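Peer 1: Take a look at model-v7.txt, compact mmCIF, C-alpha atoms:
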# COMPACT_ATOMS: atom_id res chain seq x y z
CA MET A 1 175.76 142.17 43.03
CA LEU A 2 173.34 139.72 44.52
CA VAL A 3 173.15 136.58 42.45
CA GLY A 4 172.30 133.03 42.98
CA LYS A 5 170.74 129.70 42.57
CA ALA A 6 169.09 129.71 45.95
CA ARG A 7 169.22 126.15 47.26
CA TRP A 8 168.11 125.97 50.84
CA VAL A 9 166.21 123.37 52.82
CA ILE A 10 163.53 124.14 55.39
CA GLY A 11 163.56 121.54 58.12
CA VAL A 12 165.77 118.49 58.52
CA THR A 13 166.51 116.23 55.60
CA PHE A 14 166.47 112.45 55.73
CA LEU A 15 170.23 112.58 55.50
CA MET A 16 170.41 113.37 59.20
CA ILE A 17 169.04 109.95 60.07
CA CYS A 18 171.25 108.17 57.55
CA ALA A 19 174.99 108.30 57.15
CA LEU A 20 175.82 111.99 57.08
CA LEU A 21 178.03 112.10 54.05
CA LEU A 22 179.24 110.02 51.15
CA GLY A 23 182.44 111.08 49.46
CA ALA A 24 184.19 109.95 46.35
CA CYS A 25 187.40 110.72 44.52
CA ARG A 26 188.70 110.13 41.04
CA ASN A 27 192.26 109.34 40.09
CA GLY A 28 191.68 109.05 36.37
CA GLY A 29 189.54 105.93 36.90
CA GLU A 30 186.22 105.00 38.46
CA ALA A 31 184.83 106.98 41.37
CA THR A 32 185.10 105.24 44.73
CA GLN A 33 183.10 105.94 47.86
CA GLU A 34 184.79 107.15 51.01
CA PRO A 35 183.82 105.95 54.51
CA THR A 36 180.64 107.49 55.89
CA GLN A 37 180.56 109.73 58.94
CA GLU A 38 177.71 109.28 61.38
CA PRO A 39 175.86 112.36 62.71
CA GLY A 40 177.30 113.71 65.90
CA GLN A 41 180.76 112.26 65.44
CA GLY A 42 183.68 114.62 65.58
CA SER A 43 185.01 115.16 62.08
CA PHE A 44 184.38 114.25 58.50
CA GLU A 45 186.89 112.05 56.70
CA ALA A 46 187.52 113.86 53.43
CA PRO A 47 188.45 112.29 50.09
CA ALA A 48 192.19 112.06 49.52
CA VAL A 49 194.22 114.56 47.55
CA LYS A 50 196.84 113.57 45.02
CA GLU A 51 200.32 114.98 45.56
CA GLY A 52 201.79 116.98 42.72
CA MET A 53 198.37 117.72 41.20
CA PHE A 54 195.89 120.58 41.47
CA ASN A 55 193.14 119.15 43.67
CA VAL A 56 189.54 120.19 42.98
CA ALA A 57 186.51 119.13 45.03
CA ILE A 58 182.80 119.75 44.83
CA VAL A 59 180.20 119.41 47.59
CA LEU A 60 176.74 118.30 46.40
CA ILE A 61 173.33 118.62 48.03
CA GLY A 62 172.05 115.37 46.49
CA PRO A 63 173.34 112.15 44.93
CA HIS A 64 175.83 112.65 42.13
CA ASP A 65 173.55 110.61 39.86
CA ASP A 66 170.25 112.26 40.82
CA GLY A 67 169.21 112.90 37.22
CA GLY A 68 169.14 116.64 37.85
CA TRP A 69 171.02 119.44 39.61
CA SER A 70 173.73 117.41 41.35
CA GLN A 71 174.39 115.20 38.34
CA ALA A 72 174.88 118.26 36.14
CA HIS A 73 177.52 119.53 38.57
CA TYR A 74 179.17 116.13 38.83
CA GLU A 75 179.50 115.91 35.06
CA GLY A 76 180.93 119.43 35.08
CA LEU A 77 183.59 118.20 37.49
CA LEU A 78 184.42 115.29 35.19
CA HIS A 79 185.00 117.81 32.42
CA VAL A 80 187.62 119.50 34.60
CA GLU A 81 189.49 116.22 34.91
CA GLU A 82 189.32 115.70 31.15
CA SER A 83 190.31 119.20 30.06
CA VAL A 84 192.63 120.63 32.72
CA PRO A 85 196.12 119.06 32.84
CA ASP A 86 197.22 117.76 36.24
CA ALA A 87 193.81 118.28 37.82
CA HIS A 88 192.65 115.71 40.37
CA ILE A 89 188.95 115.75 41.25
CA ALA A 90 186.80 114.58 44.14
CA TYR A 91 183.19 114.96 45.21
CA VAL A 92 181.15 114.72 48.39
CA GLU A 93 177.44 114.01 47.96
CA ASN A 94 174.28 114.21 50.08
CA VAL A 95 175.63 117.00 52.27
CA PRO A 96 172.93 118.83 54.25
CA GLU A 97 172.77 122.61 53.98
CA GLY A 98 173.43 124.82 56.96
CA PRO A 99 175.93 124.29 59.79
CA GLU A 100 176.32 120.57 59.01
CA SER A 101 178.19 121.45 55.84
CA GLU A 102 180.85 123.53 57.61
CA GLN A 103 182.82 120.49 58.79
CA VAL A 104 182.85 119.17 55.23
CA PHE A 105 184.41 122.32 53.78
CA ARG A 106 186.86 122.54 56.67
CA SER A 107 187.91 118.89 56.29
CA LEU A 108 188.44 119.29 52.55
CA SER A 109 190.56 122.36 53.25
CA VAL A 110 192.67 120.67 55.90
CA THR A 111 193.18 117.69 53.58
CA GLY A 112 194.77 119.95 51.00
CA PHE A 113 192.25 120.71 48.26
CA ASP A 114 193.16 123.79 46.26
CA LEU A 115 189.76 124.68 44.80
CA ILE A 116 186.40 123.79 46.35
CA PHE A 117 183.00 124.30 44.75
CA GLY A 118 179.85 124.29 46.88
CA ALA A 119 176.72 123.54 44.83
CA SER A 120 173.86 124.70 47.01
CA PHE A 121 172.59 127.99 48.42
CA GLY A 122 172.64 126.81 52.02
CA TYR A 123 176.41 126.25 51.94
CA MET A 124 177.04 129.99 51.64
CA ASP A 125 177.68 130.93 55.27
CA SER A 126 179.68 127.79 55.99
CA MET A 127 181.91 128.45 53.00
CA GLU A 128 182.36 132.07 54.00
CA THR A 129 183.46 131.02 57.49
CA VAL A 130 185.91 128.36 56.30
CA ALA A 131 187.32 130.63 53.59
CA GLY A 132 188.40 133.04 56.31
CA GLU A 133 190.39 130.26 57.94
CA PHE A 134 192.16 129.06 54.78
CA PRO A 135 193.23 132.06 52.69
CA ASP A 136 195.29 129.90 50.32
CA VAL A 137 192.28 127.82 49.25
CA THR A 138 189.78 129.14 46.66
CA TYR A 139 186.08 128.59 47.37
CA ILE A 140 183.39 129.07 44.72
CA HIS A 141 179.79 129.09 45.91
CA ILE A 142 177.20 128.30 43.26
CA SER A 143 174.21 130.55 43.97
CA GLY A 144 173.78 132.83 46.95
CA TYR A 145 175.13 136.34 46.94
CA LYS A 146 178.26 136.60 49.10
CA SER A 147 181.92 137.05 48.20
CA ASN A 148 184.93 138.38 50.06
CA GLY A 149 186.61 139.38 46.80
CA GLU A 150 189.69 137.35 47.73
CA ASN A 151 189.26 133.59 48.03
CA PHE A 152 185.49 133.17 48.39
CA GLY A 153 183.50 133.82 45.23
CA ASN A 154 179.96 133.59 43.95
CA LEU A 155 178.91 131.84 40.72
CA PHE A 156 175.65 131.48 38.82
CA GLY A 157 174.20 131.74 35.30
CA ALA A 158 171.28 133.20 33.38
CA MET A 159 168.92 130.22 33.42
CA GLU A 160 166.09 132.71 32.95
CA ASN A 161 167.11 132.77 29.27
CA MET A 162 166.45 129.06 28.82
CA LYS A 163 163.27 129.19 30.91
CA TYR A 164 162.00 131.98 28.65
CA LEU A 165 162.50 129.76 25.61
CA ALA A 166 160.90 126.80 27.40
CA GLY A 167 157.91 129.04 28.10
CA MET A 168 157.63 129.80 24.40
CA LEU A 169 157.57 126.09 23.59
CA ALA A 170 155.10 125.31 26.37
CA GLY A 171 152.78 128.07 25.17
CA ALA A 172 152.96 126.83 21.59
CA ARG A 173 152.19 123.26 22.72
CA ALA A 174 149.24 124.29 24.88
CA LYS A 175 147.80 126.48 22.16
CA MET A 176 148.12 123.75 19.54
CA ASP A 177 146.41 121.27 21.87
CA GLY A 178 143.51 123.67 22.44
CA ASN A 179 144.10 123.91 26.19
CA PRO A 180 145.83 127.23 27.01
CA LYS A 181 146.80 126.35 30.58
CA LEU A 182 150.30 125.84 32.01
CA GLY A 183 151.56 124.93 35.46
CA TYR A 184 154.77 125.79 37.29
CA MET A 185 156.18 123.80 40.21
CA ALA A 186 158.12 126.40 42.20
CA THR A 187 160.46 125.30 44.96
CA PHE A 188 160.93 128.00 47.61
CA PRO A 189 159.51 131.56 47.78
CA ILE A 190 162.73 133.32 46.84
CA PRO A 191 163.55 135.87 44.11
CA GLU A 192 165.09 133.24 41.86
CA GLU A 193 161.90 131.21 41.65
CA LEU A 194 159.81 134.28 40.88
CA ARG A 195 162.38 135.33 38.27
CA LEU A 196 162.31 131.95 36.52
CA GLY A 197 158.52 131.72 36.74
CA ASN A 198 158.18 135.19 35.25
CA ALA A 199 160.62 134.31 32.47
CA ILE A 200 158.46 131.28 31.62
CA ALA A 201 155.32 133.44 31.53
CA LEU A 202 156.94 136.10 29.36
CA GLY A 203 157.96 133.41 26.88
CA MET A 204 154.54 131.76 27.07
CA LYS A 205 152.84 134.99 26.03
CA LYS A 206 155.01 135.23 22.91
CA THR A 207 153.47 132.10 21.40
CA CYS A 208 150.16 131.90 23.27
CA PRO A 209 148.79 135.32 24.29
CA GLU A 210 145.68 133.70 25.75
CA CYS A 211 147.62 131.24 27.94
CA THR A 212 147.63 131.35 31.74
CA MET A 213 149.92 129.62 34.24
CA ASP A 214 149.14 128.30 37.72
CA VAL A 215 151.82 127.87 40.43
CA ARG A 216 152.38 125.24 43.13
CA TRP A 217 154.96 125.81 45.89
CA ILE A 218 156.57 122.49 46.81
CA HIS A 219 159.23 123.65 49.34
CA THR A 220 161.87 121.18 48.23
CA TRP A 221 164.62 120.92 45.64
CA HIS A 222 164.72 117.16 45.47
CA ASP A 223 161.84 114.92 46.49
CA PRO A 224 160.42 112.71 43.73
CA ILE A 225 157.23 111.93 45.68
CA ILE A 226 156.39 115.56 46.43
CA GLU A 227 157.29 116.53 42.87
CA LYS A 228 155.01 113.85 41.42
CA ASP A 229 152.14 114.89 43.69
CA ALA A 230 152.52 118.55 42.73
CA ALA A 231 152.69 117.74 39.02
CA ALA A 232 149.58 115.58 39.29
CA SER A 233 147.79 118.37 41.13
CA LEU A 234 148.54 120.86 38.36
CA PHE A 235 147.57 118.44 35.60
CA ASP A 236 144.35 117.50 37.41
CA ALA A 237 143.57 121.22 37.78
CA GLY A 238 143.66 121.54 34.01
CA ALA A 239 147.25 122.28 33.01
CA GLN A 240 148.30 120.98 29.61
CA VAL A 241 152.03 121.57 30.20
CA VAL A 242 153.79 121.65 33.58
CA LEU A 243 157.29 123.03 34.12
CA THR A 244 159.40 122.30 37.18
CA GLY A 245 161.96 124.22 39.21
CA ALA A 246 163.00 121.06 41.11
CA ASP A 247 165.63 118.42 40.39
CA THR A 248 164.06 115.17 39.27
CA PRO A 249 162.30 114.21 36.00
CA ALA A 250 159.10 113.47 37.95
CA VAL A 251 157.08 116.08 36.07
CA ALA A 252 157.65 114.30 32.74
CA ASP A 253 156.87 110.90 34.23
CA VAL A 254 153.52 112.18 35.50
CA ALA A 255 152.86 113.88 32.17
CA GLN A 256 153.39 110.52 30.46
CA GLU A 257 150.79 108.94 32.73
CA LYS A 258 148.33 111.80 32.16
CA ALA A 259 148.85 112.00 28.38
CA LYS A 260 150.04 115.60 28.76
CA TRP A 261 153.43 117.36 28.66
CA GLY A 262 156.20 118.12 31.13
CA VAL A 263 159.31 120.29 31.05
CA THR A 264 162.19 118.97 33.17
CA TYR A 265 165.20 120.93 34.43
CA ASP A 266 168.91 121.05 35.29
CA TRP A 267 170.42 118.07 33.43
CA HIS A 268 170.47 117.27 29.71
CA GLY A 269 169.59 113.63 30.38
CA SER A 270 166.41 114.41 32.30
CA CYS A 271 164.19 114.58 29.20
CA LYS A 272 163.79 110.86 28.59
CA VAL A 273 160.12 110.10 27.95
CA ASP A 274 157.98 111.07 24.97
CA ALA A 275 155.88 113.39 27.14
CA CYS A 276 158.93 115.54 27.91
CA LEU A 277 158.64 118.73 25.88
CA THR A 278 162.16 120.01 26.57
CA ALA A 279 164.58 120.70 29.43
CA PRO A 280 166.47 123.92 30.21
CA TYR A 281 169.77 122.62 31.54
CA TRP A 282 173.18 123.55 32.90
CA ILE A 283 176.51 122.78 31.22
CA TRP A 284 178.91 123.36 34.09
CA GLY A 285 181.97 121.76 32.49
CA PRO A 286 183.24 124.72 30.43
CA VAL A 287 182.58 127.11 33.30
CA TYR A 288 184.32 124.93 35.90
CA ALA A 289 187.27 124.26 33.60
CA SER A 290 187.71 127.96 32.87
CA ILE A 291 187.64 128.82 36.57
CA THR A 292 190.07 126.00 37.43
CA LYS A 293 192.55 127.11 34.76
CA GLY A 294 192.22 130.70 35.93
CA VAL A 295 192.89 129.79 39.56
CA ILE A 296 195.93 127.71 38.56
CA GLU A 297 197.30 130.56 36.44
CA GLY A 298 196.40 133.24 38.98
CA THR A 299 194.17 135.09 36.49
CA TYR A 300 190.71 134.28 37.88
CA LYS A 301 189.14 137.22 39.68
CA VAL A 302 187.17 135.99 42.66
CA GLY A 303 183.94 137.93 43.10
CA TRP A 304 180.45 137.78 41.61
CA HIS A 305 180.52 135.70 38.43
CA TYR A 306 177.22 135.53 36.51
CA PHE A 307 177.40 134.00 33.04
CA ASP A 308 175.10 134.15 30.04
CA ALA A 309 174.44 131.57 27.31
CA ASP A 310 177.38 132.69 25.18
CA THR A 311 179.76 131.01 27.63
CA GLY A 312 178.47 127.57 26.65
CA GLY A 313 177.15 127.04 30.18
CA LEU A 314 173.42 126.84 29.36
CA GLY A 315 171.37 124.56 27.13
CA LEU A 316 167.85 123.85 25.90
CA TYR A 317 167.22 120.19 25.19
CA GLY A 318 166.49 119.42 21.55
CA PHE A 319 168.04 122.63 20.24
CA MET A 320 171.73 122.28 20.99
CA GLU A 321 174.31 120.92 18.58
CA GLY A 322 173.93 117.17 18.08
CA GLU A 323 170.46 116.99 19.67
CA GLU A 324 167.24 116.00 17.93
CA LEU A 325 163.91 117.68 18.58
CA PRO A 326 161.83 115.70 21.09
CA PRO A 327 158.63 114.21 19.64
CA ALA A 328 156.57 116.71 21.64
CA ILE A 329 158.17 119.60 19.72
CA ALA A 330 158.53 118.05 16.27
CA ASP A 331 154.89 118.70 15.32
CA LEU A 332 154.63 122.24 16.70
CA PRO A 333 154.05 125.12 14.25
CA GLU A 334 157.31 125.72 12.40
CA LYS A 335 157.10 129.48 12.97
CA ASP A 336 157.13 128.96 16.75
CA VAL A 337 159.99 126.47 16.66
CA GLN A 338 161.98 128.73 14.34
CA LEU A 339 161.39 131.69 16.65
CA VAL A 340 162.93 129.69 19.50
CA ARG A 341 165.87 128.73 17.28
CA ASP A 342 166.43 132.35 16.25
CA ILE A 343 166.36 133.72 19.81
CA LEU A 344 168.56 130.91 21.10
CA ALA A 345 171.09 131.61 18.34
CA LYS A 346 171.26 135.25 19.46
CA MET A 347 171.72 134.18 23.06
CA LEU A 348 174.52 131.77 22.18
CA ALA A 349 176.19 134.48 20.09
CA GLY A 350 176.06 136.99 22.96
CA GLU A 351 173.61 139.22 21.08
CA LEU A 352 170.74 138.77 23.54
CA ASP A 353 171.27 138.53 27.29
CA ARG A 354 169.19 138.08 30.42
CA PHE A 355 168.34 141.77 30.60
CA GLU A 356 166.71 141.65 27.16
CA VAL A 357 164.36 138.94 28.44
CA PHE A 358 163.14 141.42 31.05
CA ALA A 359 162.86 144.47 28.78
CA GLY A 360 159.76 146.64 29.12
CA PRO A 361 156.95 147.07 28.83
CA ILE A 362 156.17 144.36 31.39
CA PHE A 363 152.86 144.23 33.27
CA ASP A 364 152.09 142.15 36.32
CA ASN A 365 149.08 139.86 36.72
CA GLU A 366 147.04 142.71 38.22
CA GLY A 367 147.57 145.01 35.26
CA ASN A 368 150.22 147.20 36.87
CA LEU A 369 153.10 148.44 34.73
CA ILE A 370 156.25 146.97 36.30
CA VAL A 371 158.91 147.82 33.72
CA PRO A 372 158.20 150.75 31.37
CA ALA A 373 158.93 150.61 27.66
CA GLY A 374 162.59 151.35 26.97
CA GLU A 375 163.69 150.11 30.40
CA LYS A 376 165.22 146.79 31.48
CA LEU A 377 165.70 145.05 34.78
CA LYS A 378 169.19 145.28 36.25
CA GLN A 379 171.00 142.48 38.09
CA SER A 380 169.93 143.89 41.44
CA ASP A 381 166.29 143.72 40.24
CA LEU A 382 166.62 140.12 39.06
CA ASP A 383 168.06 138.89 42.34
CA GLN A 384 166.23 140.68 45.13
CA PHE A 385 162.96 141.28 46.88
CA PRO A 386 162.42 144.98 47.62
CA PRO A 387 164.14 147.07 48.79
CA GLY A 388 167.34 145.08 48.18
CA ALA A 389 170.54 145.04 50.18
CA PRO A 390 172.10 148.28 51.46
CA GLY A 391 174.16 149.77 48.69
CA LEU A 392 172.61 147.39 46.13
CA GLU A 393 169.02 148.59 46.24
CA CYS A 394 166.72 147.45 43.44
CA GLU A 395 164.46 149.74 41.45
CA TYR A 396 161.88 147.29 40.08
CA CYS A 397 162.91 144.28 42.18
CA MET A 398 161.56 140.73 41.86
CA PHE A 399 158.35 140.56 43.84
CA TRP A 400 155.64 140.38 41.20
CA TRP A 401 154.03 137.82 38.97
CA ALA A 402 153.93 138.56 35.24
CA ASP A 403 150.73 138.91 33.27
CA GLY A 404 149.19 135.50 32.71
CA ILE A 405 150.23 133.94 36.03
CA SER A 406 147.14 133.02 38.06
CA ALA A 407 148.72 132.90 41.49
CA GLU A 408 149.12 135.05 44.58
CA LEU A 409 152.52 136.32 45.65
CA PRO A 410 154.16 134.25 48.42
CA GLU A 411 153.91 135.56 51.94
Is it possible to express this structure as structure tokens?

Peer 2:
Amino acid sequence: MLVGKARWVIGVTFLMICALLLGACRNGGEATQEPTQEPGQGSFEAPAVKEGMFNVAIVLIGPHDDGGWSQAHYEGLLHVEESVPDAHIAYVENVPEGPESEQVFRSLSVTGFDLIFGASFGYMDSMETVAGEFPDVTYIHISGYKSNGENFGNLFGAMENMKYLAGMLAGARAKMDGNPKLGYMATFPIPEELRLGNAIALGMKKTCPECTMDVRWIHTWHDPIIEKDAAASLFDAGAQVVLTGADTPAVADVAQEKAKWGVTYDWHGSCKVDACLTAPYWIWGPVYASITKGVIEGTYKVGWHYFDADTGGLGLYGFMEGEELPPAIADLPEKDVQLVRDILAKMLAGELDRFEVFAGPIFDNEGNLIVPAGEKLKQSDLDQFPPGAPGLECEYCMFWWADGISAELPE
């Protein structure tokens, strides 16, 4: 199946004019940085392995403490160290996508790492190439859609579930405030971003049938300045609540300035200001630990691994065990908040999955019936523009905006 958190970069990142890579390793103590490698030099100096231990590394697109996507993965790696006996962990941060990443994966492999995670869409081809050279190393690509079924696997989760619930909360907030307008900061024009935007809109309509949602394409995963500008643009255009598909908490910071509401993403710690409504976030630790144990024991089946909320890998800030409702939710109508609680409980219990979120009837924003009553999207529909890959064609596909979204489809 085609799955994936598509994380690509169009153009050249600032990393190419700075030191190319920063690496760090952990030996049960504090992380330490490895020497940098300047662009154009021959090879990357990988973090060290620890003899007699199972060595696990992760390659990150951003800083390990970015307050979003990369930090969520880094904390997942720390969980591996804490929960898997004899596991030694290391990370490499700020690694550009595309061909530049290939030397990183190759260097980690030569150094002797046993399991290597790559946490960005644009690492896919590089990982596939290196995996063919090192059949005894296991490579897990987060996002994308490729796997060789042997030592190169694909991993992602049903974040559309949490986005659906966030849409319900955003709709309830906008309706209560008397301004039924939402905004969505989408990153790149890929199926994933349409899927998550549609999930938000479907949730929005559950609590605010009159609500609409505008879209801004920002063409970046991690750029606080661009994210702040896009959030401000949506707020200034009338949005009461803005949700982001990017990495930083910028949307909530701007919401605080504008006396409105923002929904952050990726990391549980991103929802820090009073104007933050909630945050759909990843909990990679249990997933990474399970995979690591499975690889050690020889029981993990490398392939296409797509997990739902019942794995413990997904969260919604304010609603998980030990969390308090953010101030922005505490005064919402109790029936709306309880509806979110009830649906989340079913998701966590495995009684409601990502396909239920996209159950018909679903109409697009032009009034066309996309998914008939009694039908549901399949994985191939969630992940692909039409017509889909050969042999994995989609029936409904993911090239439509749901009812309530006031935006044109990307070109």

Peer 1: Quick one: of A:Thr111, A:Ser406, A:Asn368, A:Ser290, who's nearest to Gly183 (chain A), counting only C-alpha atoms?

Peer 2: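 Ranked by minimum distance to Gly183 (chain A), first place goes to A:Ser406.
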
Peer 1: Using all atoms listed in the file, can you tell me which of A:Phe358, A:Val59, A:Gln384, A:Gly122 comes closest to Pro372 (chain A)?

Peer 2: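 Ranked by minimum distance to Pro372 (chain A), first place goes to A:Phe358.
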
Peer 1: Hey, what's within 12 Å of Ala237 (chain A) if we count all atoms listed in the file and toss same-chain stuff fewer than 6 positions away? As a list of chain:residue names, please?

Peer 2: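 The neighbour list is A:Asn179, A:Lys181, A:Leu182, A:Gly183, A:Met213, A:Asp214, A:Val215, A:Arg216, A:Ala230, A:Ala231, A:Lys258.
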
Peer 1: I'd like to know which of A:Ala239, A:Ala87, A:Ala170, A:Ile116 is closest to Ala57 (chain A), using all atoms listed in the file.

Peer 2: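 With all atoms listed in the file as the atom set, the closest residue is A:Ile116.
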
Peer 1: Taking all atoms of region 166-172 of chain A that the file lists, what box with edges along x, y and z, padded by 5 Å per side, do you get, with centre and edge lengths in Å to one decimal, as AutoDock Vina command-line options?

Peer 2:
--center_x 156.8 --center_y 127.6 --center_z 24.8 --size_x 18.1 --size_y 14.5 --size_z 16.5

Peer 1: Just the residues within 7 Å of Gly149 (chain A), please, counting only C-alpha atoms, with nothing from its chain fewer than 4 positions along; format it as a VMD selection string.

Peer 2: chain A and resid 153 302 to 303

Peer 1: Nearest to Phe363 (chain A) among A:Ile405, A:Val130, A:Met162, A:Ile218, with distances taken over only C-alpha atoms: which residue is it?

Peer 2: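 When distances to Phe363 (chain A) are compared using only C-alpha atoms, the smallest one comes from A:Ile405.
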
Peer 1: Have a look at A:Asp65, A:Glu321, A:Glu160, A:Asp403 and name the one nearest to Pro280 (chain A); count all atoms listed in the file.

Peer 2: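 Counting all atoms listed in the file, the residue closest to Pro280 (chain A) is A:Glu160.
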
Peer 1: Counting all atoms listed in the file, which of A:Leu352, A:Ala402, A:Ala199, A:Ile142 gets nearest to Leu165 (chain A)?

Peer 2: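 Looking only at the distances to Leu165 (chain A), the closest residue turns out to be A:Ala199.
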
Peer 1: Record the distance separating CA of Pro191 (chain A) and CA of Ala246 (chain A), expressed in Å with one decimal.

Peer 2: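 Computed distance, CA of Pro191 (chain A) to CA of Ala246 (chain A), equals 15.1 Å.
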
Peer 1: Excluding Ala131 (chain A) and residues on its chain fewer than 3 positions from it, collect all residues at most 9 Å away from it, counting only C-alpha atoms, and give them as a PyMOL selection string.

Peer 2: chain A and resi 105-106+109+126-128+134-139+148+151-152

Peer 1: If we draw a sphere of 7 Å around (177.6, 125.3, 55.1), which residues have at least one atom in it when counting all atoms listed in the file? Please report them as a list in words.

Peer 2: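 Applying the cut-off with all atoms listed in the file, one gets Glu97, Gly98, Pro99, Glu100, Ser101, Glu102, Gly122, Tyr123, Met124, Asp125, Ser126 and Met127 of chain A.
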
Peer 1: Considering all atoms listed in the file, return as a VMD selection string whatever protein or nucleic-acid residues lie within 7 Å of Val251 (chain A), sequence-local ones (same chain, fewer than 6 positions apart) excluded.

Peer 2: chain A and resid 227 to 228 231 242 244 262 to 264

Peer 1: Restricting the output to C-alpha atoms, write the selected residues as a PDB file, in the frame of the given file.

Peer 2:
ATOM      1  CA  GLU A 227     157.290 116.530  42.870  1.00  0.00           C
ATOM      2  CA  LYS A 228     155.010 113.850  41.420  1.00  0.00           C
ATOM      3  CA  ALA A 231     152.690 117.740  39.020  1.00  0.00           C
ATOM      4  CA  VAL A 242     153.790 121.650  33.580  1.00  0.00           C
ATOM      5  CA  THR A 244     159.400 122.300  37.180  1.00  0.00           C
ATOM      6  CA  GLY A 262     156.200 118.120  31.130  1.00  0.00           C
ATOM      7  CA  VAL A 263     159.310 120.290  31.050  1.00  0.00           C
ATOM      8  CA  THR A 264     162.190 118.970  33.170  1.00  0.00           C
TER       9      THR A 264
END

Peer 1: Between CA of Arg341 (chain A) and CA of Trp267 (chain A), what is the spacing in Å?

Peer 2: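 Taking CA of Trp267 (chain A) as the start and CA of Arg341 (chain A) as the end point, the length is 19.9 Å.
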
Peer 1: Please work out which residues fall within 10 Å of (164.6, 114.0, 30.5), coordinates as given in the file, with only C-alpha atoms counting, and return them as a PDB file with C-alpha atoms, keeping the file's coordinate frame.

Peer 2:
ATOM      1  CA  GLY A  67     169.210 112.900  37.220  1.00  0.00           C
ATOM      2  CA  GLY A  68     169.140 116.640  37.850  1.00  0.00           C
ATOM      3  CA  THR A 248     164.060 115.170  39.270  1.00  0.00           C
ATOM      4  CA  PRO A 249     162.300 114.210  36.000  1.00  0.00           C
ATOM      5  CA  ALA A 250     159.100 113.470  37.950  1.00  0.00           C
ATOM      6  CA  VAL A 251     157.080 116.080  36.070  1.00  0.00           C
ATOM      7  CA  ALA A 252     157.650 114.300  32.740  1.00  0.00           C
ATOM      8  CA  ASP A 253     156.870 110.900  34.230  1.00  0.00           C
ATOM      9  CA  GLY A 262     156.200 118.120  31.130  1.00  0.00           C
ATOM     10  CA  VAL A 263     159.310 120.290  31.050  1.00  0.00           C
ATOM     11  CA  THR A 264     162.190 118.970  33.170  1.00  0.00           C
ATOM     12  CA  TYR A 265     165.200 120.930  34.430  1.00  0.00           C
ATOM     13  CA  ASP A 266     168.910 121.050  35.290  1.00  0.00           C
ATOM     14  CA  TRP A 267     170.420 118.070  33.430  1.00  0.00           C
ATOM     15  CA  HIS A 268     170.470 117.270  29.710  1.00  0.00           C
ATOM     16  CA  GLY A 269     169.590 113.630  30.380  1.00  0.00           C
ATOM     17  CA  SER A 270     166.410 114.410  32.300  1.00  0.00           C
ATOM     18  CA  CYS A 271     164.190 114.580  29.200  1.00  0.00           C
ATOM     19  CA  LYS A 272     163.790 110.860  28.590  1.00  0.00           C
ATOM     20  CA  VAL A 273     160.120 110.100  27.950  1.00  0.00           C
ATOM     21  CA  ASP A 274     157.980 111.070  24.970  1.00  0.00           C
ATOM     22  CA  ALA A 275     155.880 113.390  27.140  1.00  0.00           C
ATOM     23  CA  CYS A 276     158.930 115.540  27.910  1.00  0.00           C
ATOM     24  CA  LEU A 277     158.640 118.730  25.880  1.00  0.00           C
ATOM     25  CA  THR A 278     162.160 120.010  26.570  1.00  0.00           C
ATOM     26  CA  ALA A 279     164.580 120.700  29.430  1.00  0.00           C
ATOM     27  CA  TYR A 317     167.220 120.190  25.190  1.00  0.00           C
ATOM     28  CA  PRO A 326     161.830 115.700  21.090  1.00  0.00           C
TER      29      PRO A 326
END

Peer 1: Figure out the distance between CA of Pro286 (chain A) and CA of Pro85 (chain A), please, to one decimal in Å.

Peer 2: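 Those two atoms sit 14.3 Å apart.
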
Peer 1: Quick one: everything within 12 Å of Glu81 (chain A), counting only C-alpha atoms, minus sequence neighbours fewer than 4 positions away in the same chain. Send it as an mmCIF file with C-alpha atoms, in the frame of the given file.

Peer 2:
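Final output, part07.cif:
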data_model
loop_
_atom_site.group_PDB
_atom_site.id
_atom_site.type_symbol
_atom_site.label_atom_id
_atom_site.label_comp_id
_atom_site.auth_asym_id
_atom_site.auth_seq_id
_atom_site.Cartn_x
_atom_site.Cartn_y
_atom_site.Cartn_z
ATOM 1 C CA CYS A 25 187.400 110.720 44.520
ATOM 2 C CA ARG A 26 188.700 110.130 41.040
ATOM 3 C CA ASN A 27 192.260 109.340 40.090
ATOM 4 C CA GLY A 28 191.680 109.050 36.370
ATOM 5 C CA GLY A 29 189.540 105.930 36.900
ATOM 6 C CA MET A 53 198.370 117.720 41.200
ATOM 7 C CA PHE A 54 195.890 120.580 41.470
ATOM 8 C CA ASN A 55 193.140 119.150 43.670
ATOM 9 C CA VAL A 56 189.540 120.190 42.980
ATOM 10 C CA ALA A 57 186.510 119.130 45.030
ATOM 11 C CA TYR A 74 179.170 116.130 38.830
ATOM 12 C CA GLU A 75 179.500 115.910 35.060
ATOM 13 C CA GLY A 76 180.930 119.430 35.080
ATOM 14 C CA LEU A 77 183.590 118.200 37.490
ATOM 15 C CA PRO A 85 196.120 119.060 32.840
ATOM 16 C CA ASP A 86 197.220 117.760 36.240
ATOM 17 C CA ALA A 87 193.810 118.280 37.820
ATOM 18 C CA HIS A 88 192.650 115.710 40.370
ATOM 19 C CA ILE A 89 188.950 115.750 41.250
ATOM 20 C CA ALA A 90 186.800 114.580 44.140
ATOM 21 C CA GLY A 285 181.970 121.760 32.490
ATOM 22 C CA PRO A 286 183.240 124.720 30.430
ATOM 23 C CA TYR A 288 184.320 124.930 35.900
ATOM 24 C CA ALA A 289 187.270 124.260 33.600
ATOM 25 C CA THR A 292 190.070 126.000 37.430
ATOM 26 C CA LYS A 293 192.550 127.110 34.760
#
